[in-house]
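J.: Have a look at this one.
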Amino acid sequence: MLSIQNLEARIDNKNILNGLNLNINPGEVHAIMGPNGSGKSTLANVLSGKNGYETKGLIKFNETDLNDLSTEERAQKGIFLAFQYPLEIPGVNTNIFLRTSLNAVRKAKGEKEIDTLTFLKLIKEKASELGIDEKFLSRQLNVGFSGGEKKKNEILQMKLLQPKLSILDETDSGLDIDALRIVADGVNSYKNKDNAFLIITHYQRLLDYIKPDFIHVLSNGKIAKTGGAELGIELEKTGYANIS
Amino acid sequence: MKTEDLKNTQEYKYGFTTDVENIRAPKGLSEETIKFISKIKKEPKWMLDWRLKAYNRLKVLKEPNWQKPKYPKINYQDLYYYSAPKSASEKPKSLDEIDPKILETYKKLGIPLVEQQRLNGIAVDAVFDSVSVATTFKEELTKKGIIFCSISEAIQKHPELVKKYLGSVIPLSDHYFATLNSAVFTDGSFVYIPPSTRCPMELSTYFRINASETGQFERTLIIADKGSYVSYLEGCTAPMRDENQLHAANVELVALDDAEIKYSTVQNWYPGDKNGVGGIYNFVTKRGACRGKNSKISWTQVETGSAITWKYPSCILQGDNSVGEFYSIAITNNFQKADTGTKMIHLGKNTKSKIISKGISAGNADNMYRGLVDIKNKASNSRNYTQCDSLLMGNKCGAHTVPYIKNNNATSTIEHEATTTKINEDQLYYCNQRGLDQEEAVSLIVNGFCKEVLQQLPMEFAVEAQKLVSISLEGSVG
Ligand SMILES: Nc1ncnc2c1ncn2[C@@H]1O[C@H](COP(=O)(O)OP(=O)(O)O)[C@@H](O)[C@H]1O
Ligand SMILES: [Mg+2]
C-alpha cells in the first residue's frame, strides 16, 4: 500500500529525514517510536503533503507517486493524519466541518454528497461509539476542547472518512487511561484487512491496546531498528540510548 | 478592456447589461436637471424647493478628502442624474405592465418580482437605475396599515410623513455627498410601520444600476412608529463597465418609543476588474435615529462589491435606554478599497451600543475600519463595546483600524478590542488534510471568521451572503 524509498526531507536548510525506507501492506499496523526531535512528525507531514519541505526519494501509495499529489488529493485518496496538535477553527461548527470534509472526499471518489439528515444520523452513531457527547458536534471546531477531546475528535474524523492509511501522530499523548482505551478501541474497531496504520508514539502503553505488527525506531532521520511487538517492551526498559 | 469583453468574463455574474430604451435628464448638474427630475416625478412644489435649497447649499460645500482611498476627480457635469427605462415612465400599476426585459433582468438576478413565484414571502421594491419599477405584496401590507412603496410615490401620497421625517436624521446640508443626494435623489424606498405593529415579512429593496455614465442617488426613509418592528434588507448589483460609476445614497431611519428597526445590506456592486479598472464608487450616508425611549436600531452590512466603499452607518441614541448595533463584514480583493465603520452617538441615559466589524483583505486591496463612539455628558450609565477583527490574505493587502473615542460621562464605559491576523497556514493545511481544496478551506475559515455578523442576517439571506463571501475571495490564496 505504501512504499517509501530513500526519503529525505529538509526544512529551513535543516536535514530532518535522511534516507528513510518503509513498506506498509494492507492490514498491517506499524508503530514508529523515537526520541523527541527525531523526525516523526516530519514524516507524517511529508506523507500528508504539507507545504514547506524540500524532499527527495520515492513515496508510492497504491501505485501512485505521492509527490505528484496535493495535500487534499492525498486525503481524498485515503491518507488520513490524526494531528499531534489538532487545529482550532473559530466560528466553524464541528458538524459542518465534518460534513464538508466527508462530502469533499465522497465527491473526489465520484460518490453523491451526503444529505444533512443522513449525515447527522451517521455522525451521532460514530460519536456515541467514541463516547463523544453530541453537544461537542455543535461547538466550534476544537475551540475550547480539552486535549483529550481534541484527540477523540481526530479519531471520530478517521472513522467518518474511512481512510486506507491512518497516520496517528502521538494521539495517545496527554490522554488519561479511560480516553486512551476509547481511542484504542476506536482504532481496533476500524482496523481490517484492507486498511493500515502508522502509529507514532512514545509509550508502550498504547501498544498494549493496539498490537503492532512492526515497531520501528526512528533516529537521526532514519529507521535505525525494526522489530516486532516485543521491541516496544524492550525499549521501555532500555530507552533509545543504545540505538543509533 | 472594453465593456463588451468584460461581459464575457465569469468572475462577476451580475455584470450583464439590459438593453432597454432610456429617458435621461440633460447631462450635468444644474437647476435645470433638478427641475427635470422633480417634474418627471410629478413632485409637489415643496419638494422641488427642498431640492433647490440643497443644491444652493451644495455650491458652497467641498468634497471631503480625509478618507484613505483616494480617487480621481469626479466630473459632476459629465454624469447623468436621471435615467429610467422608457417603459417605466408611468409607474406600472401591476406586475403585468412591467417591461418584460426588466422582469427578465430581476429573474436573472434571482429576485422574483412575480408574486406567484414568491419565495419565503419577502416583499420586494425593485429600483432600476433611477426609478422604482415594482413593489410586491402591497395589498397584504396595506391591510396592516404598513406603507411600503417607492419614495417618489410616498412624496405624492403621504406628503405629511415625508415632510416630517425627510432630512430629519441627515440634515439637508450635512456634507457634500449627502447634500448632493438631497438635490438630485431619484428613487428609493419608503417604509412606515404604524404603532404596535410587527411587520409580518421581510421588506427588501433591490437596487440595480443599468445605464452607463449614470449616477445612482437613492433615498430611503424608514419610520418605525411606537412599539413597532421591521426588518429591512437591501441588495445591489451593477453591470461590468470600465468606467467608475457613482452611487451616493442617503438612508434615514427613525425609531420612535419602543420601536425596533433591523437594517441589513448585502452590497455587491461591480468591484472593477482584476487590475482595478472600473467599478462602483459606493459613497453612502446611512444614519438612524433612536428617537424614542427603549428604541433599537441594528445595522448589518456585508460589503463585498464596489471599487471603493466609503460609508459609516450610524446611530444617534437620543431616547433613554435606546440601543444601537453595527455588524459589518467588509471584503476587499484585487484593487478594491474600503473605508467603513460606524458612528455611535450616545445622548440619552442608559444607552448601549455594540460594534462588531470583520474586515477581510486580499490581493492588493486596502481595508480600513473607522469608527466613532461619542458619549455625551448627559448619557449616564451608557456602554459601548467594540470589536474589530481584520484578516489578511497574502502580503500585498492592508488592514487598518482607526477608532475615535470620546467619553464625557464618568458613569459610562467604552470597551474596544482589535485584532489583525493573517490567514493561518496550519488551519488551511488541516482543512486540506481533510480533503478540502484551497478554495473550500479559505471559504470555511473566512465564513467562520465572519460568523458573528453572518448570523445577524435574516435566515433567507444568510446562505446567499455566505456564498458571496466565498466567491469574493476566489483566487485570493494561491
Ligand atoms: N519548520 C521547521 N524549521 C526548522 N526546523 C524544524 C521545523 N520543523 C521541525 N524542525 C526540526 O526538525 C526536527 C524534527 O522535528 P519533528 O519531526 O517535529 O520531531 P518529532 O515529531 O520526532 O518530535 C526537530 O529538531 C525540529 O526542531
Ligand atoms: Mg512530533
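Chain labels A, B, ... are given in the sequence in which chains occur in the C-alpha cells; within each chain residues are numbered consecutively from 1, and ligands are likewise numbered from 1 in the order shown.
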For chain B, which residues have at least one atom within 10 Å of chain A, if we go by only C-alpha atoms? Write them as a list in words, please.
T.: Asn424, Glu425, Asp426, Gln427, Leu428, Tyr429, Tyr430, Cys431, Asn432, Gln433, Arg434, Gly435, Leu436, Asp437, Gln438, Glu440, Ala441, Leu444, Ile445, Val446, Asn447, Gly448, Phe449, Cys450, Lys451 and Glu452 of chain B
J.: Can you work out which residues are within 9 Å of ligand 2, considering only C-alpha atoms and all ligand atoms, and then hand them over as an MDAnalysis selection string?
T.: chainID A and resid 36:42 44 84:85 169:170 200:201
J.: Show me, as a PyMOL selection string, the residues that have an atom within 8 Å of Val183 in chain A when counting only C-alpha atoms, minus same-chain residues fewer than 2 positions from it.
T.: chain A and resi 130+152+155+172+179-181+185-187
J.: Within range 110-235 of chain B, find each residue whose DSSP state, derived from the backbone, is alpha helix (DSSP H), and express the selection as a PDB file with C-alpha atoms, in the first residue's frame.
T.:
```
ATOM      1  CA  LYS B 138     -48.546  45.727  -1.353  1.00  0.00           C
ATOM      2  CA  GLU B 139     -52.043  44.567  -0.558  1.00  0.00           C
ATOM      3  CA  GLU B 140     -51.066  42.297   2.230  1.00  0.00           C
ATOM      4  CA  LEU B 141     -49.061  45.048   3.876  1.00  0.00           C
ATOM      5  CA  THR B 142     -51.719  47.701   3.372  1.00  0.00           C
ATOM      6  CA  LYS B 143     -54.160  45.641   5.417  1.00  0.00           C
ATOM      7  CA  ILE B 151     -40.072  57.310  -2.124  1.00  0.00           C
ATOM      8  CA  SER B 152     -41.472  59.025  -5.245  1.00  0.00           C
ATOM      9  CA  GLU B 153     -44.870  57.563  -4.558  1.00  0.00           C
ATOM     10  CA  ALA B 154     -44.656  58.467  -0.873  1.00  0.00           C
ATOM     11  CA  ILE B 155     -43.928  62.108  -1.743  1.00  0.00           C
ATOM     12  CA  GLN B 156     -47.196  62.213  -3.647  1.00  0.00           C
ATOM     13  CA  LYS B 157     -49.372  60.059  -1.426  1.00  0.00           C
ATOM     14  CA  PRO B 159     -46.572  64.101   2.000  1.00  0.00           C
ATOM     15  CA  GLU B 160     -47.210  64.698   5.723  1.00  0.00           C
ATOM     16  CA  LEU B 161     -44.948  61.773   6.709  1.00  0.00           C
ATOM     17  CA  VAL B 162     -42.261  62.625   4.186  1.00  0.00           C
ATOM     18  CA  LYS B 163     -42.232  66.312   5.163  1.00  0.00           C
ATOM     19  CA  LYS B 164     -41.974  65.437   8.813  1.00  0.00           C
ATOM     20  CA  TYR B 165     -39.129  62.942   8.574  1.00  0.00           C
ATOM     21  CA  TYR B 176     -21.114  67.091   0.281  1.00  0.00           C
ATOM     22  CA  PHE B 177     -22.439  63.721  -0.907  1.00  0.00           C
ATOM     23  CA  ALA B 178     -25.486  63.779   1.362  1.00  0.00           C
ATOM     24  CA  THR B 179     -26.369  67.241   0.110  1.00  0.00           C
ATOM     25  CA  LEU B 180     -25.812  66.182  -3.492  1.00  0.00           C
ATOM     26  CA  ASN B 181     -28.227  63.349  -2.856  1.00  0.00           C
ATOM     27  CA  SER B 182     -30.809  65.711  -1.351  1.00  0.00           C
ATOM     28  CA  ALA B 183     -30.687  67.792  -4.509  1.00  0.00           C
ATOM     29  CA  VAL B 184     -30.877  65.044  -7.104  1.00  0.00           C
TER      30      VAL B 184
END
```
J.: Mind pulling up the distance from CA of Glu464 in chain B to CA of His400 in chain B?
T.: 27.5 Å
J.: May I have the residues within 10 Å of range 384-390 of chain B as a CSV table (one decimal) with N, CA, C and O atoms, in the first residue's frame, using only C-alpha atoms and disregarding those fewer than 4 positions away in the same chain?
T.:
```csv
chain,number,residue,atom,x,y,z
B,323,VAL,N,-30.8,51.4,22.0
B,323,VAL,CA,-29.7,50.5,21.7
B,323,VAL,C,-29.3,50.7,20.2
B,323,VAL,O,-30.2,50.7,19.3
B,324,GLY,N,-28.1,50.8,19.9
B,324,GLY,CA,-27.6,50.8,18.6
B,324,GLY,C,-26.6,49.7,18.3
B,324,GLY,O,-25.7,49.4,19.2
B,325,GLU,N,-26.7,49.1,17.2
B,325,GLU,CA,-25.8,48.0,16.9
B,325,GLU,C,-25.3,48.1,15.5
B,325,GLU,O,-26.0,48.6,14.6
B,326,PHE,N,-24.0,47.7,15.3
B,326,PHE,CA,-23.4,47.7,13.9
B,326,PHE,C,-22.6,46.4,13.7
B,326,PHE,O,-21.7,46.2,14.5
B,327,TYR,N,-23.1,45.6,12.8
B,327,TYR,CA,-22.4,44.4,12.5
B,327,TYR,C,-21.9,44.5,11.0
B,327,TYR,O,-22.7,44.7,10.1
B,328,SER,N,-20.6,44.3,10.8
B,328,SER,CA,-20.1,44.6,9.5
B,328,SER,C,-19.1,43.5,9.0
B,328,SER,O,-18.2,43.1,9.8
B,329,ILE,N,-19.3,43.1,7.8
B,329,ILE,CA,-18.2,42.4,7.1
B,329,ILE,C,-17.8,43.2,5.9
B,329,ILE,O,-18.7,43.5,5.1
B,330,ALA,N,-16.6,43.5,5.8
B,330,ALA,CA,-16.1,44.2,4.6
B,330,ALA,C,-15.0,43.4,3.9
B,330,ALA,O,-14.0,43.2,4.6
B,331,ILE,N,-15.3,43.0,2.7
B,331,ILE,CA,-14.3,42.2,2.0
B,331,ILE,C,-13.7,43.0,0.8
B,331,ILE,O,-14.5,43.5,0.0
B,341,GLY,N,-17.2,51.9,8.6
B,341,GLY,CA,-17.3,51.7,10.1
B,341,GLY,C,-18.6,52.3,10.5
B,341,GLY,O,-19.6,52.3,9.8
B,344,MET,N,-21.5,55.9,16.7
B,344,MET,CA,-22.5,55.7,17.8
B,344,MET,C,-22.5,57.0,18.6
B,344,MET,O,-21.5,57.2,19.3
B,346,HIS,N,-24.1,58.7,21.7
B,346,HIS,CA,-24.9,58.5,22.9
B,346,HIS,C,-25.4,59.8,23.5
B,346,HIS,O,-24.5,60.6,24.0
B,351,THR,N,-27.9,54.3,27.5
B,351,THR,CA,-27.9,53.9,26.1
B,351,THR,C,-26.8,52.9,25.9
B,351,THR,O,-25.7,53.0,26.5
B,352,LYS,N,-27.0,52.0,24.9
B,352,LYS,CA,-26.0,50.9,24.7
B,352,LYS,C,-25.7,50.9,23.2
B,352,LYS,O,-26.6,50.9,22.4
B,353,SER,N,-24.4,50.6,22.9
B,353,SER,CA,-24.1,50.3,21.5
B,353,SER,C,-23.1,49.2,21.5
B,353,SER,O,-22.3,49.0,22.4
B,354,LYS,N,-23.1,48.5,20.3
B,354,LYS,CA,-22.3,47.4,20.1
B,354,LYS,C,-21.8,47.4,18.7
B,354,LYS,O,-22.6,47.6,17.8
B,355,ILE,N,-20.5,47.2,18.5
B,355,ILE,CA,-19.9,47.3,17.1
B,355,ILE,C,-19.1,46.0,16.9
B,355,ILE,O,-18.2,45.7,17.7
B,356,ILE,N,-19.5,45.3,15.9
B,356,ILE,CA,-18.7,44.1,15.6
B,356,ILE,C,-18.3,44.2,14.1
B,356,ILE,O,-19.1,44.2,13.2
B,357,SER,N,-17.0,44.4,13.9
B,357,SER,CA,-16.5,44.6,12.5
B,357,SER,C,-15.5,43.6,12.1
B,357,SER,O,-14.5,43.3,12.8
B,358,LYS,N,-15.7,43.0,10.9
B,358,LYS,CA,-14.8,42.0,10.4
B,358,LYS,C,-14.3,42.5,9.0
B,358,LYS,O,-15.1,42.6,8.1
B,359,GLY,N,-13.1,42.8,8.9
B,359,GLY,CA,-12.5,43.3,7.7
B,359,GLY,C,-11.6,42.2,7.1
B,359,GLY,O,-10.8,41.6,7.8
B,360,ILE,N,-11.8,41.9,5.8
B,360,ILE,CA,-11.0,40.9,5.2
B,360,ILE,C,-10.4,41.5,3.9
B,360,ILE,O,-11.1,42.1,3.1
B,361,SER,N,-9.1,41.3,3.8
B,361,SER,CA,-8.4,42.0,2.7
B,361,SER,C,-7.5,41.0,2.0
B,361,SER,O,-6.8,40.2,2.6
B,367,ASN,N,-8.2,47.9,3.4
B,367,ASN,CA,-9.4,47.8,4.2
B,367,ASN,C,-9.3,48.6,5.5
B,367,ASN,O,-8.4,48.3,6.3
B,368,MET,N,-10.1,49.6,5.7
B,368,MET,CA,-10.0,50.4,6.8
B,368,MET,C,-11.3,50.4,7.7
B,368,MET,O,-12.3,50.6,7.1
B,369,TYR,N,-11.1,50.1,8.9
B,369,TYR,CA,-12.3,50.4,9.8
B,369,TYR,C,-12.1,51.7,10.5
B,369,TYR,O,-11.0,52.0,11.0
B,370,ARG,N,-13.1,52.6,10.4
B,370,ARG,CA,-13.0,53.9,11.1
B,370,ARG,C,-14.3,54.0,11.9
B,370,ARG,O,-15.4,53.8,11.3
B,371,GLY,N,-14.2,54.3,13.1
B,371,GLY,CA,-15.4,54.3,13.9
B,371,GLY,C,-15.4,55.3,15.0
B,371,GLY,O,-14.3,55.6,15.6
B,373,VAL,N,-17.1,56.5,18.7
B,373,VAL,CA,-18.1,56.3,19.8
B,373,VAL,C,-18.0,57.6,20.6
B,373,VAL,O,-16.9,58.0,21.1
B,374,ASP,N,-19.1,58.2,20.7
B,374,ASP,CA,-19.2,59.5,21.3
B,374,ASP,C,-20.2,59.5,22.4
B,374,ASP,O,-21.4,59.5,22.1
B,375,ILE,N,-19.8,59.5,23.7
B,375,ILE,CA,-20.8,59.5,24.8
B,375,ILE,C,-20.8,60.9,25.3
B,375,ILE,O,-19.8,61.4,25.9
B,398,GLY,N,-3.7,45.5,2.8
B,398,GLY,CA,-3.6,46.2,4.0
B,398,GLY,C,-4.9,46.2,4.9
B,398,GLY,O,-6.0,46.1,4.3
B,399,ALA,N,-4.7,46.4,6.2
B,399,ALA,CA,-5.8,46.5,7.1
B,399,ALA,C,-5.5,47.6,8.1
B,399,ALA,O,-4.4,47.6,8.6
B,400,HIS,N,-6.4,48.4,8.4
B,400,HIS,CA,-6.2,49.5,9.4
B,400,HIS,C,-7.4,49.7,10.3
B,400,HIS,O,-8.5,49.5,9.8
B,401,THR,N,-7.2,50.0,11.5
B,401,THR,CA,-8.3,50.3,12.4
B,401,THR,C,-8.1,51.6,13.1
B,401,THR,O,-7.0,51.9,13.7
B,402,VAL,N,-9.0,52.5,12.9
B,402,VAL,CA,-8.9,53.8,13.5
B,402,VAL,C,-10.1,54.1,14.3
B,402,VAL,O,-11.2,54.5,13.8
B,403,PRO,N,-10.1,53.9,15.6
B,403,PRO,CA,-11.2,54.2,16.5
B,403,PRO,C,-11.1,55.6,17.0
B,403,PRO,O,-10.0,56.1,17.4
B,412,SER,N,-20.2,56.2,32.4
B,412,SER,CA,-20.3,55.4,31.2
B,412,SER,C,-19.0,54.8,30.8
B,412,SER,O,-17.9,55.3,31.1
B,413,THR,N,-19.1,53.7,30.1
B,413,THR,CA,-17.8,53.0,29.7
B,413,THR,C,-17.8,52.6,28.2
B,413,THR,O,-18.8,52.4,27.6
B,414,ILE,N,-16.5,52.6,27.7
B,414,ILE,CA,-16.3,52.2,26.4
B,414,ILE,C,-15.2,51.1,26.4
B,414,ILE,O,-14.2,51.2,27.0
B,415,GLU,N,-15.5,50.1,25.6
B,415,GLU,CA,-14.5,49.0,25.6
B,415,GLU,C,-14.2,48.7,24.1
B,415,GLU,O,-15.1,48.6,23.3
B,416,HIS,N,-12.9,48.6,23.8
B,416,HIS,CA,-12.5,48.4,22.4
B,416,HIS,C,-11.5,47.3,22.3
B,416,HIS,O,-10.5,47.3,23.0
B,417,GLU,N,-11.8,46.3,21.5
B,417,GLU,CA,-10.8,45.3,21.2
B,417,GLU,C,-10.5,45.2,19.7
B,417,GLU,O,-11.5,45.3,18.9
B,418,ALA,N,-9.3,45.0,19.4
B,418,ALA,CA,-9.0,44.9,17.9
B,418,ALA,C,-7.9,43.8,17.7
B,418,ALA,O,-7.0,43.6,18.5
B,419,THR,N,-8.1,43.0,16.6
B,419,THR,CA,-7.1,42.0,16.3
B,419,THR,C,-6.8,42.1,14.8
B,419,THR,O,-7.7,42.4,14.0
B,420,THR,N,-5.6,41.8,14.4
B,420,THR,CA,-5.3,41.6,13.0
B,420,THR,C,-4.5,40.3,12.9
B,420,THR,O,-3.5,40.1,13.6
B,421,THR,N,-5.0,39.5,12.0
B,421,THR,CA,-4.3,38.2,11.8
B,421,THR,C,-4.2,37.9,10.3
B,421,THR,O,-4.9,38.4,9.5
B,422,LYS,N,-3.2,37.1,10.0
B,422,LYS,CA,-3.0,36.6,8.7
B,422,LYS,C,-3.8,35.2,8.6
B,422,LYS,O,-3.9,34.6,9.6
B,423,ILE,N,-4.3,34.9,7.4
B,423,ILE,CA,-4.9,33.6,7.4
B,423,ILE,C,-3.9,32.5,7.7
B,423,ILE,O,-2.8,32.6,7.3
B,449,PHE,N,-14.7,33.1,10.5
B,449,PHE,CA,-14.3,34.4,11.0
B,449,PHE,C,-15.4,35.4,11.0
B,449,PHE,O,-15.4,36.3,11.9
B,450,CYS,N,-16.3,35.3,10.1
B,450,CYS,CA,-17.4,36.3,9.9
B,450,CYS,C,-18.7,35.9,10.7
B,450,CYS,O,-19.7,36.6,10.6
```
J.: Enter the distance from CA of Thr197 in chain B to CA of Leu454 in chain B, in Å, rounded to one decimal.
T.: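 Interatomic distance, CA of Thr197 in chain B to CA of Leu454 in chain B: 26.5 Å.
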J.: Excluding range 295-298 of chain B and residues on its chain fewer than 4 positions from it, collect all residues at most 10 Å away from it, counting only C-alpha atoms, and give them as an MDAnalysis selection string.
T.: chainID B and resid 224 226:229 231 253:264 287:291 313:327 351:355 456
J.: Closest to ligand 1 among A:Thr64, A:Thr238, A:Asn23, A:Asn13, using only C-alpha atoms and all ligand atoms?
T.: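 Distance minimum relative to ligand 1 lands on A:Asn13.
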J.: Measuring between only C-alpha atoms, which one of A:Gly147, A:Gly239, A:Gly34, A:Gly228 shows the shortest distance to His202 in chain A?
T.: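 Closest candidate: A:Gly34.
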J.: Neighbouring residues of Phe119 in chain A were defined as those with any atom within 10 Å, considering only C-alpha atoms; residues of the same chain fewer than 3 positions away were excluded. Please report them as a PyMOL selection string.
T.: chain A and resi 95-96+98-99+102-103+113-116+122-125+160
J.: The selected residues should be written to file as a CSV table (one decimal), in the first residue's frame (atoms: all heavy atoms).
T.:
```csv
chain,number,residue,atom,x,y,z
A,95,ASN,N,-19.9,19.9,13.3
A,95,ASN,CA,-20.7,19.1,12.4
A,95,ASN,C,-20.5,19.6,10.9
A,95,ASN,O,-20.4,18.7,10.0
A,95,ASN,CB,-22.2,19.3,12.7
A,95,ASN,CG,-22.7,18.2,13.5
A,95,ASN,OD1,-22.3,17.0,13.3
A,95,ASN,ND2,-23.6,18.4,14.4
A,96,ILE,N,-20.5,20.9,10.7
A,96,ILE,CA,-20.4,21.4,9.3
A,96,ILE,C,-19.1,21.1,8.8
A,96,ILE,O,-18.9,20.6,7.6
A,96,ILE,CB,-20.7,22.9,9.3
A,96,ILE,CG1,-22.2,23.1,9.6
A,96,ILE,CG2,-20.3,23.5,8.0
A,96,ILE,CD1,-22.7,24.5,9.6
A,98,LEU,N,-17.2,18.5,9.6
A,98,LEU,CA,-17.1,17.1,9.3
A,98,LEU,C,-17.9,16.7,8.0
A,98,LEU,O,-17.4,15.9,7.2
A,98,LEU,CB,-17.7,16.3,10.5
A,98,LEU,CG,-16.9,16.4,11.8
A,98,LEU,CD1,-17.5,15.5,12.9
A,98,LEU,CD2,-15.4,16.2,11.7
A,99,ARG,N,-19.0,17.4,7.9
A,99,ARG,CA,-19.8,17.1,6.7
A,99,ARG,C,-19.2,17.6,5.4
A,99,ARG,O,-19.1,16.9,4.4
A,99,ARG,CB,-21.2,17.7,6.8
A,99,ARG,CG,-22.2,17.3,5.7
A,99,ARG,CD,-23.6,17.4,6.1
A,99,ARG,NE,-24.0,18.7,6.7
A,99,ARG,CZ,-24.4,19.7,5.9
A,99,ARG,NH1,-24.5,19.6,4.6
A,99,ARG,NH2,-24.7,20.9,6.5
A,102,LEU,N,-16.4,15.2,4.7
A,102,LEU,CA,-16.9,13.9,4.1
A,102,LEU,C,-17.3,14.1,2.7
A,102,LEU,O,-17.0,13.3,1.8
A,102,LEU,CB,-18.0,13.4,5.0
A,102,LEU,CG,-18.6,12.0,4.6
A,102,LEU,CD1,-17.6,10.9,4.5
A,102,LEU,CD2,-19.8,11.6,5.4
A,103,ASN,N,-18.0,15.2,2.4
A,103,ASN,CA,-18.5,15.4,1.1
A,103,ASN,C,-17.4,15.6,0.1
A,103,ASN,O,-17.4,15.2,-1.1
A,103,ASN,CB,-19.5,16.5,1.0
A,103,ASN,CG,-20.9,16.0,1.5
A,103,ASN,OD1,-21.2,14.8,1.3
A,103,ASN,ND2,-21.7,16.9,2.1
A,113,GLU,N,-23.0,13.5,-2.8
A,113,GLU,CA,-22.9,14.2,-1.5
A,113,GLU,C,-23.9,13.6,-0.5
A,113,GLU,O,-25.0,13.2,-1.0
A,113,GLU,CB,-23.1,15.7,-1.7
A,113,GLU,CG,-22.0,16.3,-2.4
A,113,GLU,CD,-22.0,17.8,-2.2
A,113,GLU,OE1,-22.8,18.4,-1.4
A,113,GLU,OE2,-21.1,18.5,-2.8
A,114,ILE,N,-23.6,13.6,0.7
A,114,ILE,CA,-24.5,13.0,1.7
A,114,ILE,C,-25.4,14.1,2.2
A,114,ILE,O,-25.0,15.3,2.4
A,114,ILE,CB,-23.7,12.4,2.9
A,114,ILE,CG1,-24.6,11.5,3.8
A,114,ILE,CG2,-23.0,13.5,3.7
A,114,ILE,CD1,-23.8,10.6,4.7
A,115,ASP,N,-26.7,13.9,2.3
A,115,ASP,CA,-27.6,14.9,2.8
A,115,ASP,C,-27.5,15.1,4.3
A,115,ASP,O,-27.0,14.2,5.0
A,115,ASP,CB,-29.1,14.6,2.3
A,115,ASP,CG,-29.6,13.4,3.0
A,115,ASP,OD1,-30.2,13.5,4.1
A,115,ASP,OD2,-29.4,12.3,2.5
A,116,THR,N,-28.0,16.2,4.7
A,116,THR,CA,-27.8,16.6,6.1
A,116,THR,C,-28.4,15.6,7.1
A,116,THR,O,-27.7,15.2,8.1
A,116,THR,CB,-28.5,18.0,6.4
A,116,THR,OG1,-28.1,18.8,5.3
A,116,THR,CG2,-28.1,18.6,7.7
A,122,LEU,N,-25.5,9.4,10.9
A,122,LEU,CA,-24.2,8.7,10.8
A,122,LEU,C,-23.3,9.2,11.9
A,122,LEU,O,-22.6,8.5,12.6
A,122,LEU,CB,-23.6,9.0,9.4
A,122,LEU,CG,-22.2,8.4,9.1
A,122,LEU,CD1,-22.3,6.8,9.0
A,122,LEU,CD2,-21.7,9.0,7.8
A,123,ILE,N,-23.2,10.5,12.0
A,123,ILE,CA,-22.2,11.1,12.9
A,123,ILE,C,-22.6,10.9,14.4
A,123,ILE,O,-21.7,10.7,15.2
A,123,ILE,CB,-22.0,12.6,12.6
A,123,ILE,CG1,-20.7,13.1,13.3
A,123,ILE,CG2,-23.1,13.5,13.1
A,123,ILE,CD1,-19.4,12.6,12.6
A,124,LYS,N,-23.9,10.9,14.6
A,124,LYS,CA,-24.3,10.6,16.0
A,124,LYS,C,-23.9,9.2,16.4
A,124,LYS,O,-23.4,9.0,17.5
A,124,LYS,CB,-25.9,10.7,16.0
A,124,LYS,CG,-26.4,11.8,16.9
A,124,LYS,CD,-27.8,12.1,16.6
A,124,LYS,CE,-28.8,11.5,17.6
A,124,LYS,NZ,-30.1,11.9,17.4
A,125,GLU,N,-24.1,8.3,15.5
A,125,GLU,CA,-23.7,6.9,15.8
A,125,GLU,C,-22.2,6.8,16.1
A,125,GLU,O,-21.8,6.2,17.0
A,125,GLU,CB,-24.1,6.1,14.5
A,125,GLU,CG,-24.0,4.6,14.6
A,125,GLU,CD,-24.3,4.1,13.2
A,125,GLU,OE1,-25.4,4.3,12.6
A,125,GLU,OE2,-23.3,3.4,12.6
A,160,LEU,N,-15.0,8.5,10.3
A,160,LEU,CA,-16.0,9.0,9.4
A,160,LEU,C,-15.5,9.0,8.0
A,160,LEU,O,-16.2,8.6,7.0
A,160,LEU,CB,-16.3,10.5,9.8
A,160,LEU,CG,-17.3,11.3,8.9
A,160,LEU,CD1,-18.7,10.7,9.1
A,160,LEU,CD2,-17.2,12.8,9.2
```
J.: Residues within 9 Å of Leu58 in chain A, please, as a PyMOL selection string. Count only C-alpha atoms; anything in the same chain fewer than 4 positions from it doesn't count.
T.: chain A and resi 3-7+65-67
J.: With N, CA and C atoms retained, write the just-selected residues as a compact mmCIF listing (two decimals), in the first residue's frame.
T.:
```txt
# COMPACT_ATOMS: atom_id res chain seq x y z
N SER A 3 4.89 2.60 -0.02
CA SER A 3 6.29 2.21 -0.16
C SER A 3 7.14 3.47 -0.18
N ILE A 4 8.01 3.59 0.81
CA ILE A 4 8.87 4.77 0.91
C ILE A 4 10.30 4.33 0.66
N GLN A 5 10.94 4.98 -0.32
CA GLN A 5 12.32 4.62 -0.62
C GLN A 5 13.23 5.83 -0.54
N ASN A 6 14.22 5.71 0.33
CA ASN A 6 15.26 6.73 0.40
C ASN A 6 14.73 8.15 0.58
N LEU A 7 13.79 8.30 1.47
CA LEU A 7 13.15 9.61 1.64
C LEU A 7 14.05 10.56 2.43
N ASP A 65 2.43 7.96 -7.44
CA ASP A 65 3.55 8.69 -6.86
C ASP A 65 2.98 9.87 -6.07
N LEU A 66 3.15 9.84 -4.76
CA LEU A 66 2.54 10.89 -3.93
C LEU A 66 3.11 12.27 -4.18
N ASN A 67 4.35 12.31 -4.67
CA ASN A 67 4.96 13.61 -4.92
C ASN A 67 4.15 14.44 -5.92
```
J.: Nearest to ligand 1 among A:Leu231, A:Ile199, A:Ile24, A:Leu43, with distances taken over only C-alpha atoms and all ligand atoms: which residue is it?
T.: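 The closest residue to ligand 1 is A:Leu43.
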J.: Expressed in Å to a single decimal, how great is the separation between CA of Asn377 in chain B and CA of Gly348 in chain B?
T.: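 Distance between the two atoms: 9.4 Å.
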J.: Would you give me, as an MDAnalysis selection string, the residues in range 368-425 of chain B that DSSP reads as strand (DSSP E)?
T.: chainID B and resid 368:375 383:393 398:407 413:422
J.: A:Ala241, A:Ile132, A:Leu218, A:Ile182: which is nearest ligand 1, counting only C-alpha atoms and all ligand atoms?
T.: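 Among the listed residues, the smallest separation from ligand 1 belongs to A:Leu218.
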